[in-house]
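To be precise, the following lines are target30.pdb, and they hold PDB, C-alpha atoms.
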ATOM      1  CA  MET A  22       0.000   0.000   0.000  1.00  0.00           C
ATOM      2  CA  PRO A  23       1.398   3.451  -0.888  1.00  0.00           C
ATOM      3  CA  LYS A  24       2.635   5.434   2.097  1.00  0.00           C
ATOM      4  CA  VAL A  25       0.159   8.279   1.496  1.00  0.00           C
ATOM      5  CA  SER A  26      -2.795   5.861   1.553  1.00  0.00           C
ATOM      6  CA  GLN A  27      -1.489   4.195   4.720  1.00  0.00           C
ATOM      7  CA  ARG A  28      -1.130   7.563   6.483  1.00  0.00           C
ATOM      8  CA  LYS A  29      -4.667   8.481   5.457  1.00  0.00           C
ATOM      9  CA  LYS A  30      -5.945   5.155   6.791  1.00  0.00           C
ATOM     10  CA  ASP A  31      -4.077   5.659  10.076  1.00  0.00           C
ATOM     11  CA  THR A  32      -5.505   9.165  10.444  1.00  0.00           C
ATOM     12  CA  GLU A  33      -9.037   7.913   9.803  1.00  0.00           C
ATOM     13  CA  GLY A  34      -8.583   5.265  12.489  1.00  0.00           C
ATOM     14  CA  LYS A  35      -7.404   7.871  14.981  1.00  0.00           C
ATOM     15  CA  LEU A  36     -10.263  10.196  14.054  1.00  0.00           C
ATOM     16  CA  GLU A  37     -12.726   7.404  14.739  1.00  0.00           C
ATOM     17  CA  SER A  38     -11.184   6.947  18.198  1.00  0.00           C
ATOM     18  CA  LEU A  39     -11.436  10.696  18.811  1.00  0.00           C
ATOM     19  CA  ARG A  40     -15.103  10.671  17.775  1.00  0.00           C
ATOM     20  CA  LYS A  41     -15.799   8.057  20.469  1.00  0.00           C
ATOM     21  CA  LEU A  42     -14.082  10.207  23.111  1.00  0.00           C
ATOM     22  CA  LEU A  43     -16.011  13.301  22.028  1.00  0.00           C
ATOM     23  CA  SER A  44     -19.276  11.346  21.876  1.00  0.00           C
ATOM     24  CA  PHE A  45     -18.807  10.210  25.477  1.00  0.00           C
ATOM     25  CA  ASP A  46     -18.518  13.820  26.618  1.00  0.00           C
ATOM     26  CA  ARG A  47     -21.441  14.987  24.471  1.00  0.00           C
ATOM     27  CA  LYS A  48     -23.742  12.398  26.037  1.00  0.00           C
ATOM     28  CA  HIS A  49     -23.035  14.012  29.408  1.00  0.00           C
ATOM     29  CA  ARG A  50     -23.492  17.570  28.133  1.00  0.00           C
ATOM     30  CA  PHE A  51     -26.645  17.068  26.047  1.00  0.00           C
ATOM     31  CA  LYS A  52     -29.689  15.319  27.500  1.00  0.00           C
ATOM     32  CA  GLY A  53     -32.293  13.588  25.376  1.00  0.00           C
ATOM     33  CA  ARG A  54     -32.897  15.393  22.096  1.00  0.00           C
ATOM     34  CA  SER A  55     -31.787  18.774  23.359  1.00  0.00           C
ATOM     35  CA  THR A  56     -29.657  20.773  20.933  1.00  0.00           C
ATOM     36  CA  ARG A  57     -28.354  22.987  23.722  1.00  0.00           C
ATOM     37  CA  PRO A  58     -25.783  21.873  26.300  1.00  0.00           C
ATOM     38  CA  GLN A  59     -27.277  21.208  29.708  1.00  0.00           C
ATOM     39  CA  CYS A  60     -24.076  21.726  31.687  1.00  0.00           C
ATOM     40  CA  TYR A  61     -20.455  22.767  31.616  1.00  0.00           C
ATOM     41  CA  LEU A  62     -18.273  19.673  31.447  1.00  0.00           C
ATOM     42  CA  ILE A  63     -14.855  19.557  33.136  1.00  0.00           C
ATOM     43  CA  GLY A  64     -12.606  16.504  32.925  1.00  0.00           C
ATOM     44  CA  THR A  65     -10.031  15.827  35.646  1.00  0.00           C
ATOM     45  CA  ASP A  66      -7.135  13.415  35.973  1.00  0.00           C
ATOM     46  CA  GLU A  67      -3.972  12.995  38.011  1.00  0.00           C
ATOM     47  CA  VAL A  68      -0.430  11.813  37.278  1.00  0.00           C
ATOM     48  CA  GLY A  69       2.190  10.417  39.630  1.00  0.00           C
ATOM     49  CA  ARG A  70      -0.001   8.487  42.004  1.00  0.00           C
ATOM     50  CA  GLY A  71       2.254   5.414  42.125  1.00  0.00           C
ATOM     51  CA  CYS A  72       5.544   7.287  42.555  1.00  0.00           C
ATOM     52  CA  LEU A  73       8.111   7.188  45.329  1.00  0.00           C
ATOM     53  CA  ALA A  74       9.135  10.810  44.824  1.00  0.00           C
ATOM     54  CA  GLY A  75       7.657  14.098  43.711  1.00  0.00           C
ATOM     55  CA  PRO A  76       4.199  15.627  44.047  1.00  0.00           C
ATOM     56  CA  VAL A  77       1.041  14.213  42.571  1.00  0.00           C
ATOM     57  CA  VAL A  78      -0.094  16.506  39.745  1.00  0.00           C
ATOM     58  CA  ALA A  79      -3.660  16.936  38.504  1.00  0.00           C
ATOM     59  CA  ALA A  80      -5.243  18.811  35.643  1.00  0.00           C
ATOM     60  CA  ALA A  81      -8.760  19.942  34.828  1.00  0.00           C
ATOM     61  CA  VAL A  82      -9.893  20.692  31.278  1.00  0.00           C
ATOM     62  CA  MET A  83     -13.035  22.106  29.706  1.00  0.00           C
ATOM     63  CA  LEU A  84     -12.807  21.544  25.963  1.00  0.00           C
ATOM     64  CA  PRO A  85     -14.683  23.674  23.420  1.00  0.00           C
ATOM     65  CA  ASP A  86     -17.222  22.153  21.066  1.00  0.00           C
ATOM     66  CA  ILE A  87     -15.205  20.254  18.467  1.00  0.00           C
ATOM     67  CA  ASP A  88     -16.627  19.392  15.064  1.00  0.00           C
ATOM     68  CA  ASP A  89     -15.674  15.808  14.196  1.00  0.00           C
ATOM     69  CA  SER A  90     -14.745  16.777  10.648  1.00  0.00           C
ATOM     70  CA  SER A  91     -12.858  19.995  11.427  1.00  0.00           C
ATOM     71  CA  GLU A  92      -9.168  20.736  11.131  1.00  0.00           C
ATOM     72  CA  LEU A  93      -9.078  20.987  14.920  1.00  0.00           C
ATOM     73  CA  ALA A  94     -10.384  17.426  15.208  1.00  0.00           C
ATOM     74  CA  GLU A  95      -7.700  16.239  12.800  1.00  0.00           C
ATOM     75  CA  SER A  96      -5.014  17.991  14.851  1.00  0.00           C
ATOM     76  CA  LEU A  97      -6.342  16.250  17.978  1.00  0.00           C
ATOM     77  CA  CYS A  98      -6.834  12.851  16.369  1.00  0.00           C
ATOM     78  CA  GLU A  99      -4.167  11.236  18.586  1.00  0.00           C
ATOM     79  CA  LEU A 100      -5.929  12.322  21.792  1.00  0.00           C
ATOM     80  CA  ASN A 101      -5.862   9.392  24.207  1.00  0.00           C
ATOM     81  CA  ASP A 102      -4.763   8.231  27.630  1.00  0.00           C
ATOM     82  CA  SER A 103      -1.379   9.904  28.143  1.00  0.00           C
ATOM     83  CA  LYS A 104       0.259   6.556  29.004  1.00  0.00           C
ATOM     84  CA  LYS A 105      -0.525   5.304  25.489  1.00  0.00           C
ATOM     85  CA  LEU A 106       1.280   8.197  23.782  1.00  0.00           C
ATOM     86  CA  THR A 107       4.912   9.014  23.159  1.00  0.00           C
ATOM     87  CA  ALA A 108       6.509  12.052  24.789  1.00  0.00           C
ATOM     88  CA  SER A 109       6.515  13.943  21.492  1.00  0.00           C
ATOM     89  CA  GLN A 110       2.817  13.160  20.916  1.00  0.00           C
ATOM     90  CA  ARG A 111       1.953  14.359  24.421  1.00  0.00           C
ATOM     91  CA  GLU A 112       3.901  17.580  24.036  1.00  0.00           C
ATOM     92  CA  ARG A 113       2.297  18.392  20.698  1.00  0.00           C
ATOM     93  CA  LEU A 114      -1.204  17.695  22.005  1.00  0.00           C
ATOM     94  CA  ALA A 115      -0.566  19.583  25.253  1.00  0.00           C
ATOM     95  CA  SER A 116       0.337  22.677  23.267  1.00  0.00           C
ATOM     96  CA  ILE A 117      -2.956  22.488  21.365  1.00  0.00           C
ATOM     97  CA  ILE A 118      -5.006  21.796  24.490  1.00  0.00           C
ATOM     98  CA  HIS A 119      -3.566  24.801  26.307  1.00  0.00           C
ATOM     99  CA  GLU A 120      -4.405  26.945  23.288  1.00  0.00           C
ATOM    100  CA  ILE A 121      -8.023  25.871  22.733  1.00  0.00           C
ATOM    101  CA  ALA A 122      -9.324  24.784  26.159  1.00  0.00           C
ATOM    102  CA  ILE A 123      -9.936  26.261  29.573  1.00  0.00           C
ATOM    103  CA  CYS A 124      -7.538  24.302  31.736  1.00  0.00           C
ATOM    104  CA  ALA A 125      -5.566  24.349  34.953  1.00  0.00           C
ATOM    105  CA  ILE A 126      -2.804  22.290  36.561  1.00  0.00           C
ATOM    106  CA  GLU A 127      -2.409  21.863  40.314  1.00  0.00           C
ATOM    107  CA  GLN A 128      -0.589  19.530  42.663  1.00  0.00           C
ATOM    108  CA  ALA A 129      -0.483  18.074  46.147  1.00  0.00           C
ATOM    109  CA  SER A 130       2.914  18.164  47.810  1.00  0.00           C
ATOM    110  CA  VAL A 131       4.972  15.306  49.190  1.00  0.00           C
ATOM    111  CA  GLY A 132       4.116  16.552  52.684  1.00  0.00           C
ATOM    112  CA  GLU A 133       0.406  16.432  51.924  1.00  0.00           C
ATOM    113  CA  ILE A 134       0.745  12.935  50.455  1.00  0.00           C
ATOM    114  CA  ASP A 135       2.424  11.706  53.648  1.00  0.00           C
ATOM    115  CA  GLU A 136      -0.155  13.432  55.817  1.00  0.00           C
ATOM    116  CA  ILE A 137      -3.444  12.457  54.149  1.00  0.00           C
ATOM    117  CA  ASN A 138      -2.403   9.476  51.907  1.00  0.00           C
ATOM    118  CA  ILE A 139      -1.944   9.346  48.162  1.00  0.00           C
ATOM    119  CA  LEU A 140      -5.606   8.774  47.291  1.00  0.00           C
ATOM    120  CA  GLN A 141      -6.804  11.829  49.201  1.00  0.00           C
ATOM    121  CA  ALA A 142      -3.868  13.880  47.916  1.00  0.00           C
ATOM    122  CA  SER A 143      -4.774  12.934  44.330  1.00  0.00           C
ATOM    123  CA  LEU A 144      -8.376  14.008  44.873  1.00  0.00           C
ATOM    124  CA  LEU A 145      -7.161  17.205  46.552  1.00  0.00           C
ATOM    125  CA  ALA A 146      -4.994  18.096  43.553  1.00  0.00           C
ATOM    126  CA  MET A 147      -7.908  17.407  41.188  1.00  0.00           C
ATOM    127  CA  ARG A 148     -10.210  19.557  43.308  1.00  0.00           C
ATOM    128  CA  ARG A 149      -7.724  22.427  43.219  1.00  0.00           C
ATOM    129  CA  ALA A 150      -7.419  22.207  39.434  1.00  0.00           C
ATOM    130  CA  MET A 151     -11.185  21.961  39.000  1.00  0.00           C
ATOM    131  CA  HIS A 152     -11.798  25.059  41.139  1.00  0.00           C
ATOM    132  CA  LYS A 153      -9.332  27.030  39.002  1.00  0.00           C
ATOM    133  CA  VAL A 154     -11.168  26.122  35.815  1.00  0.00           C
ATOM    134  CA  LYS A 155     -14.578  26.753  37.394  1.00  0.00           C
ATOM    135  CA  ALA A 156     -13.457  30.262  38.370  1.00  0.00           C
ATOM    136  CA  LEU A 157     -12.831  31.021  34.686  1.00  0.00           C
ATOM    137  CA  ILE A 158     -16.304  30.128  33.413  1.00  0.00           C
ATOM    138  CA  PRO A 159     -19.668  31.876  34.011  1.00  0.00           C
ATOM    139  CA  ASP A 160     -22.421  30.538  36.263  1.00  0.00           C
ATOM    140  CA  MET A 161     -24.966  30.223  33.459  1.00  0.00           C
ATOM    141  CA  LEU A 162     -25.224  26.412  33.559  1.00  0.00           C
ATOM    142  CA  PRO A 163     -24.666  23.667  36.122  1.00  0.00           C
ATOM    143  CA  THR A 164     -21.217  22.086  36.122  1.00  0.00           C
ATOM    144  CA  LEU A 165     -20.512  18.370  35.798  1.00  0.00           C
ATOM    145  CA  ILE A 166     -17.089  17.034  36.749  1.00  0.00           C
ATOM    146  CA  LEU A 167     -15.828  13.843  35.114  1.00  0.00           C
ATOM    147  CA  ILE A 168     -13.207  12.211  37.331  1.00  0.00           C
ATOM    148  CA  ASP A 169     -10.811   9.523  36.201  1.00  0.00           C
ATOM    149  CA  GLY A 170     -11.170   6.583  38.582  1.00  0.00           C
ATOM    150  CA  ASN A 171     -13.853   5.317  40.926  1.00  0.00           C
ATOM    151  CA  LYS A 172     -13.798   7.976  43.658  1.00  0.00           C
ATOM    152  CA  ALA A 173     -15.520  11.349  43.875  1.00  0.00           C
ATOM    153  CA  MET A 174     -13.955  14.464  45.392  1.00  0.00           C
ATOM    154  CA  LYS A 175     -15.011  15.639  48.843  1.00  0.00           C
ATOM    155  CA  ASP A 176     -16.579  19.008  49.613  1.00  0.00           C
ATOM    156  CA  VAL A 177     -17.522  19.799  46.013  1.00  0.00           C
ATOM    157  CA  GLU A 178     -20.892  21.380  45.311  1.00  0.00           C
ATOM    158  CA  HIS A 179     -20.983  20.387  41.645  1.00  0.00           C
ATOM    159  CA  LEU A 180     -22.231  17.136  40.169  1.00  0.00           C
ATOM    160  CA  GLN A 181     -19.506  14.509  39.826  1.00  0.00           C
ATOM    161  CA  THR A 182     -19.225  11.333  37.777  1.00  0.00           C
ATOM    162  CA  PRO A 183     -16.265   9.023  38.404  1.00  0.00           C
ATOM    163  CA  VAL A 184     -15.284   7.201  35.212  1.00  0.00           C
ATOM    164  CA  ILE A 185     -13.177   4.055  35.466  1.00  0.00           C
ATOM    165  CA  GLN A 186     -10.475   4.215  32.768  1.00  0.00           C
ATOM    166  CA  GLY A 187     -11.802   7.670  32.004  1.00  0.00           C
ATOM    167  CA  ASP A 188      -8.638   8.728  30.190  1.00  0.00           C
ATOM    168  CA  SER A 189      -9.492   6.137  27.523  1.00  0.00           C
ATOM    169  CA  SER A 190     -13.211   7.025  27.478  1.00  0.00           C
ATOM    170  CA  SER A 191     -13.590  10.797  27.730  1.00  0.00           C
ATOM    171  CA  ALA A 192     -11.984  13.477  25.575  1.00  0.00           C
ATOM    172  CA  SER A 193     -11.799  15.975  28.440  1.00  0.00           C
ATOM    173  CA  ILE A 194     -10.273  13.455  30.866  1.00  0.00           C
ATOM    174  CA  ALA A 195      -7.766  12.346  28.214  1.00  0.00           C
ATOM    175  CA  ALA A 196      -6.821  15.985  27.652  1.00  0.00           C
ATOM    176  CA  ALA A 197      -6.342  16.462  31.400  1.00  0.00           C
ATOM    177  CA  SER A 198      -4.151  13.359  31.610  1.00  0.00           C
ATOM    178  CA  ILE A 199      -1.913  14.694  28.832  1.00  0.00           C
ATOM    179  CA  ILE A 200      -1.283  18.192  30.164  1.00  0.00           C
ATOM    180  CA  ALA A 201      -0.762  16.848  33.695  1.00  0.00           C
ATOM    181  CA  LYS A 202       1.742  14.265  32.428  1.00  0.00           C
ATOM    182  CA  VAL A 203       3.709  16.783  30.362  1.00  0.00           C
ATOM    183  CA  TYR A 204       3.866  19.200  33.303  1.00  0.00           C
ATOM    184  CA  ARG A 205       4.927  16.571  35.844  1.00  0.00           C
ATOM    185  CA  ASP A 206       7.523  14.968  33.572  1.00  0.00           C
ATOM    186  CA  LYS A 207       9.221  18.338  33.166  1.00  0.00           C
ATOM    187  CA  LEU A 208       9.008  19.017  36.890  1.00  0.00           C
ATOM    188  CA  MET A 209      10.663  15.667  37.701  1.00  0.00           C
ATOM    189  CA  ALA A 210      13.351  16.212  35.067  1.00  0.00           C
ATOM    190  CA  ASP A 211      14.146  19.564  36.705  1.00  0.00           C
ATOM    191  CA  LEU A 212      14.309  17.938  40.142  1.00  0.00           C
ATOM    192  CA  GLY A 213      16.385  15.143  38.628  1.00  0.00           C
ATOM    193  CA  SER A 214      19.067  17.613  37.590  1.00  0.00           C
ATOM    194  CA  GLN A 215      19.487  18.402  41.296  1.00  0.00           C
ATOM    195  CA  HIS A 216      19.568  14.712  42.294  1.00  0.00           C
ATOM    196  CA  PRO A 217      20.956  12.813  39.281  1.00  0.00           C
ATOM    197  CA  GLU A 218      21.669   9.637  41.278  1.00  0.00           C
ATOM    198  CA  TYR A 219      17.970   8.730  41.333  1.00  0.00           C
ATOM    199  CA  ASN A 220      17.557   9.059  37.531  1.00  0.00           C
ATOM    200  CA  TRP A 221      14.276  10.968  37.779  1.00  0.00           C
ATOM    201  CA  GLN A 222      14.772  12.311  34.258  1.00  0.00           C
ATOM    202  CA  GLN A 223      14.001   8.779  33.085  1.00  0.00           C
ATOM    203  CA  ASN A 224      11.808   7.185  35.778  1.00  0.00           C
ATOM    204  CA  LYS A 225       9.918  10.380  36.759  1.00  0.00           C
ATOM    205  CA  GLY A 226       9.970   9.290  40.411  1.00  0.00           C
ATOM    206  CA  TYR A 227       8.478   5.852  39.833  1.00  0.00           C
ATOM    207  CA  GLY A 228      10.084   2.815  41.425  1.00  0.00           C
ATOM    208  CA  SER A 229      12.460   1.748  38.670  1.00  0.00           C
ATOM    209  CA  LYS A 230      15.426  -0.428  39.651  1.00  0.00           C
ATOM    210  CA  THR A 231      17.845   2.502  39.353  1.00  0.00           C
ATOM    211  CA  HIS A 232      15.655   4.580  41.652  1.00  0.00           C
ATOM    212  CA  ARG A 233      15.225   1.779  44.199  1.00  0.00           C
ATOM    213  CA  ASP A 234      18.953   1.002  44.247  1.00  0.00           C
ATOM    214  CA  ALA A 235      19.840   4.672  44.797  1.00  0.00           C
ATOM    215  CA  LEU A 236      17.211   4.959  47.512  1.00  0.00           C
ATOM    216  CA  LYS A 237      18.677   2.021  49.433  1.00  0.00           C
ATOM    217  CA  LEU A 238      22.225   3.334  49.000  1.00  0.00           C
ATOM    218  CA  LEU A 239      21.701   7.063  49.554  1.00  0.00           C
ATOM    219  CA  GLY A 240      18.444   7.312  51.456  1.00  0.00           C
ATOM    220  CA  MET A 241      15.664   9.809  50.925  1.00  0.00           C
ATOM    221  CA  THR A 242      15.709  13.377  49.674  1.00  0.00           C
ATOM    222  CA  CYS A 243      13.190  16.010  50.693  1.00  0.00           C
ATOM    223  CA  HIS A 244      11.291  15.105  47.525  1.00  0.00           C
ATOM    224  CA  HIS A 245      10.641  11.483  48.536  1.00  0.00           C
ATOM    225  CA  ARG A 246       7.347  10.248  49.926  1.00  0.00           C
ATOM    226  CA  ARG A 247       8.344   8.891  53.301  1.00  0.00           C
ATOM    227  CA  LEU A 248       5.514   6.370  53.716  1.00  0.00           C
ATOM    228  CA  PHE A 249       6.554   4.372  50.668  1.00  0.00           C
ATOM    229  CA  SER A 250      10.272   5.147  50.555  1.00  0.00           C
ATOM    230  CA  GLU A 251      10.928   4.017  54.127  1.00  0.00           C
ATOM    231  CA  LYS A 252       9.517   0.618  53.266  1.00  0.00           C
ATOM    232  CA  PHE A 253      12.016   0.269  50.439  1.00  0.00           C
ATOM    233  CA  ILE A 254      14.887   1.290  52.686  1.00  0.00           C
ATOM    234  CA  ASN A 255      13.795  -1.032  55.513  1.00  0.00           C
ATOM    235  CA  GLY A 256      13.139  -3.950  53.205  1.00  0.00           C
ATOM    236  CA  ALA A 257       9.459  -4.048  54.170  1.00  0.00           C
ATOM    237  CA  TRP A 258       8.133  -3.381  50.684  1.00  0.00           C
ATOM    238  CA  ASN A 259       6.221  -6.116  48.912  1.00  0.00           C
ATOM    239  CA  ILE A 260       4.611  -4.924  45.682  1.00  0.00           C
ATOM    240  CA  ASP A 261       1.893  -7.604  45.581  1.00  0.00           C
ATOM    241  CA  THR A 262       0.968  -7.246  49.254  1.00  0.00           C
ATOM    242  CA  GLU A 263       0.984  -3.458  49.244  1.00  0.00           C
ATOM    243  CA  GLU A 264      -1.033  -3.125  46.048  1.00  0.00           C
ATOM    244  CA  ASN A 265      -3.668  -5.575  47.302  1.00  0.00           C
ATOM    245  CA  LYS A 266      -3.849  -3.990  50.744  1.00  0.00           C
ATOM    246  CA  ILE A 267      -3.987  -0.339  49.743  1.00  0.00           C
ATOM    247  CA  ASP A 268      -5.098  -0.442  46.135  1.00  0.00           C
ATOM    248  CA  ASP A 269      -6.614   3.024  46.488  1.00  0.00           C
ATOM    249  CA  GLN A 270      -3.346   4.468  47.764  1.00  0.00           C
ATOM    250  CA  ILE A 271      -0.899   2.954  45.293  1.00  0.00           C
ATOM    251  CA  ALA A 272      -2.142   2.515  41.756  1.00  0.00           C
ATOM    252  CA  ASP A 273      -0.097   0.402  39.394  1.00  0.00           C
ATOM    253  CA  LEU A 274       3.589   1.039  40.090  1.00  0.00           C
ATOM    254  CA  GLU A 275       4.600   2.264  36.653  1.00  0.00           C
ATOM    255  CA  LEU A 276       8.159   1.661  35.529  1.00  0.00           C
ATOM    256  CA  VAL A 277       8.980   4.283  32.894  1.00  0.00           C
TER     257      VAL A 277
END

Please express the file's structure as structure tokens.
Amino acid sequence: MPKVSQRKKDTEGKLESLRKLLSFDRKHRFKGRSTRPQCYLIGTDEVGRGCLAGPVVAAAVMLPDIDDSSELAESLCELNDSKKLTASQRERLASIIHEIAICAIEQASVGEIDEINILQASLLAMRRAMHKVKALIPDMLPTLILIDGNKAMKDVEHLQTPVIQGDSSSASIAAASIIAKVYRDKLMADLGSQHPEYNWQQNKGYGSKTHRDALKLLGMTCHHRRLFSEKFINGAWNIDTEENKIDDQIADLELV
């Protein structure tokens, strides 16, 4: 098959995936046969939940109406769960998302993670990002928050819908996952330049072998999460046991 035809076929496949993401969001914005949106829709997601070091970062995104057949749709055709994209794809999409959407990025610190646990810190970061976006839009319609995962945020007056694997289902959640990932990866690379022994430029604070070996040899920095890192240092860490026991606190330990 000629290369041009193959590229066109690949683009069409990606556009079809984008249409499904956009359709998911539209079903939440438009009720019944209404031609007018019934709510503002904000997607939220977090990055860095399963890390040993660094803050957990969350983003909130309210996308504009996107015509499936527009040039904008074609430019966003690779929109997906950030973990399924390359770094260059994420950076290109993040640039577009920041340009066209109302969005915000927030975080919960290492201290907050140790104090209230990683699940609550993740929800806190998402709530902070959501409030920033909500402050930028008028109060003309109700607001619905789509949250990646199976937990709702506390102390939020707006309607919330947790969506399991939301970053593969919703366009706005996927967009949030991308800008949060790009932001956090850069943050960890910057911190990694200060602490090169832990190789954060590559592992982004996740528990890669290089990171674990350095942690056992050198101990913790001020950027490490003490609850998890101490278990590595003391030899008390068991991935299977810990993930089964506190599944809500440590999502899949991602080796990147």

With the PyMOL selection byres ((chain A and resi 225) around 9) as the selection, what would be picked from this file? Answer as a PyMOL selection string, please.
chain A and resi 69+72+74-75+205-210+213+220-224+226-228+276-277

Find the residues around Leu165 of chain A up to 6 Å (all atoms listed in the file counted), leave out those fewer than 3 positions away in its own chain, and share them as a list in words.
Leu62, Leu180 and Gln181 of chain A

The residue from A:Ile200, A:Ile117, A:Ala125, A:Ala94 with the smallest atom-to-atom distance to Leu157 of chain A, counting all atoms listed in the file, is A:Ala125

Give me, please, the distance in Å between atom CA of Ile166 of chain A and atom CA of Arg246 of chain A, quoted to one decimal.
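These two atoms are separated by 28.6 Å.
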
Given all atoms listed in the file as the basis, pick out the residue of A:Lys237, A:Ala196, A:Pro159, A:Arg57 nearest to Leu42 of chain A.
A:Ala196

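All residues of protein, DNA or RNA that reach within 6 Å of Cys98 of chain A, judged by only C-alpha atoms and not counting those fewer than 5 positions away in the chain, are Lys35, Leu36 and Leu39 of chain A.
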
What gap, in Å, lies between atom CA of Ala122 of chain A and atom CA of Leu84 of chain A?
4.8 Å

Hits of the PyMOL selection byres ((chain A and resi 49) around 10) in this structure, as a tab-separated table (two decimals) with C-alpha atoms, keeping the file's coordinate frame:
chain	number	residue	atom	x	y	z
A	44	SER	CA	-19.28	11.35	21.88
A	45	PHE	CA	-18.81	10.21	25.48
A	46	ASP	CA	-18.52	13.82	26.62
A	47	ARG	CA	-21.44	14.99	24.47
A	48	LYS	CA	-23.74	12.40	26.04
A	50	ARG	CA	-23.49	17.57	28.13
A	51	PHE	CA	-26.64	17.07	26.05
A	52	LYS	CA	-29.69	15.32	27.50
A	58	PRO	CA	-25.78	21.87	26.30
A	59	GLN	CA	-27.28	21.21	29.71
A	60	CYS	CA	-24.08	21.73	31.69
A	61	TYR	CA	-20.45	22.77	31.62
A	62	LEU	CA	-18.27	19.67	31.45
A	165	LEU	CA	-20.51	18.37	35.80
A	166	ILE	CA	-17.09	17.03	36.75
A	167	LEU	CA	-15.83	13.84	35.11
A	182	THR	CA	-19.23	11.33	37.78

Test item: residues at most 6 Å from Ala197 of chain A, only C-alpha atoms, excluding those fewer than 2 positions along its chain, as a PyMOL selection string
chain A and resi 65-66+80-82+194-195+199-200

Using all atoms listed in the file, pick whichever of A:Leu162, A:Lys153, A:Ile168, A:Leu43 has the shortest atom-to-atom distance to Ser90 of chain A.
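Using all atoms listed in the file, Ser90 of chain A sits closest to A:Leu43.
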
A:Ser214, A:Thr32, A:Gln141, A:Thr242 ranked by distance to Ala129 of chain A, top pick (using only C-alpha atoms):
A:Gln141

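When all atoms listed in the file are used to compute distances to His152 of chain A, the closest of the residues A:Leu106, A:Phe249, A:Asp211, A:Ile63 turns out to be A:Ile63.
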
Spatial neighbours of segment 131-135 of chain A, 6 Å, all atoms listed in the file, chain gap at least 3 places, as a VMD selection string
chain A and resid 76 138 to 139 142 246

Where does the PyMOL selection byres ((chain A and resi 169-173) around 6) land in this file, that is, which residues does it pick, as a list in words?
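Expected selection for the PyMOL selection byres ((chain A and resi 169-173) around 6) here is Asp66, Ile168, Met174, Pro183, Val184, Ile185 and Gly187 of chain A.
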
Measuring between only C-alpha atoms, which one of A:Val78, A:Leu100, A:Met151, A:Leu73 shows the shortest distance to Asp188 of chain A?
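Looking at the shortest contact to Asp188 of chain A, the residue is A:Leu100.
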
Residues within 7 Å of Tyr219 of chain A, only C-alpha atoms, excluding chain neighbours under 4 positions, as a ChimeraX atom specification:
/A:231-232,235

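Here atom CA of Ser109 of chain A is placed at a distance of 23.4 Å from atom CA of Asp89 of chain A.
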
Given the point (-12.8, 25.8, 19.4) in the coordinates of this file, which residues lie within 12 Å, counting only C-alpha atoms, and how would they look as a VMD selection string?
chain A and resid 83 to 89 91 to 94 96 to 97 117 to 123

Quick one: what's the axis-aligned box for segment 89-100 of chain A, all listed atoms, 5 Å on every side, centre and edges in Å to one decimal, as AutoDock Vina command-line options?
--center_x -9.9 --center_y 16.1 --center_z 16.2 --size_x 21.5 --size_y 19.8 --size_z 21.1

Just add N, CA and C atoms to segment 208-219 of chain A and send it as a tab-separated table (two decimals), in the coordinates of the input.
chain	number	residue	atom	x	y	z
A	208	LEU	N	8.69	18.71	35.49
A	208	LEU	CA	9.01	19.02	36.89
A	208	LEU	C	10.00	17.99	37.44
A	209	MET	N	9.77	16.70	37.17
A	209	MET	CA	10.66	15.67	37.70
A	209	MET	C	12.02	15.69	37.01
A	210	ALA	N	12.06	16.07	35.74
A	210	ALA	CA	13.35	16.21	35.07
A	210	ALA	C	14.15	17.35	35.70
A	211	ASP	N	13.46	18.44	36.04
A	211	ASP	CA	14.15	19.56	36.70
A	211	ASP	C	14.67	19.15	38.08
A	212	LEU	N	13.85	18.42	38.84
A	212	LEU	CA	14.31	17.94	40.14
A	212	LEU	C	15.43	16.92	39.96
A	213	GLY	N	15.36	16.14	38.88
A	213	GLY	CA	16.39	15.14	38.63
A	213	GLY	C	17.75	15.75	38.37
A	214	SER	N	17.78	16.96	37.82
A	214	SER	CA	19.07	17.61	37.59
A	214	SER	C	19.74	17.97	38.91
A	215	GLN	N	18.94	18.11	39.97
A	215	GLN	CA	19.49	18.40	41.30
A	215	GLN	C	19.91	17.12	42.02
A	216	HIS	N	19.29	16.00	41.64
A	216	HIS	CA	19.57	14.71	42.29
A	216	HIS	C	19.75	13.64	41.22
A	217	PRO	N	20.81	13.72	40.43
A	217	PRO	CA	20.96	12.81	39.28
A	217	PRO	C	21.07	11.34	39.65
A	218	GLU	N	21.46	11.03	40.89
A	218	GLU	CA	21.67	9.64	41.28
A	218	GLU	C	20.39	8.81	41.18
A	219	TYR	N	19.24	9.46	41.31
A	219	TYR	CA	17.97	8.73	41.33
A	219	TYR	C	17.37	8.57	39.93
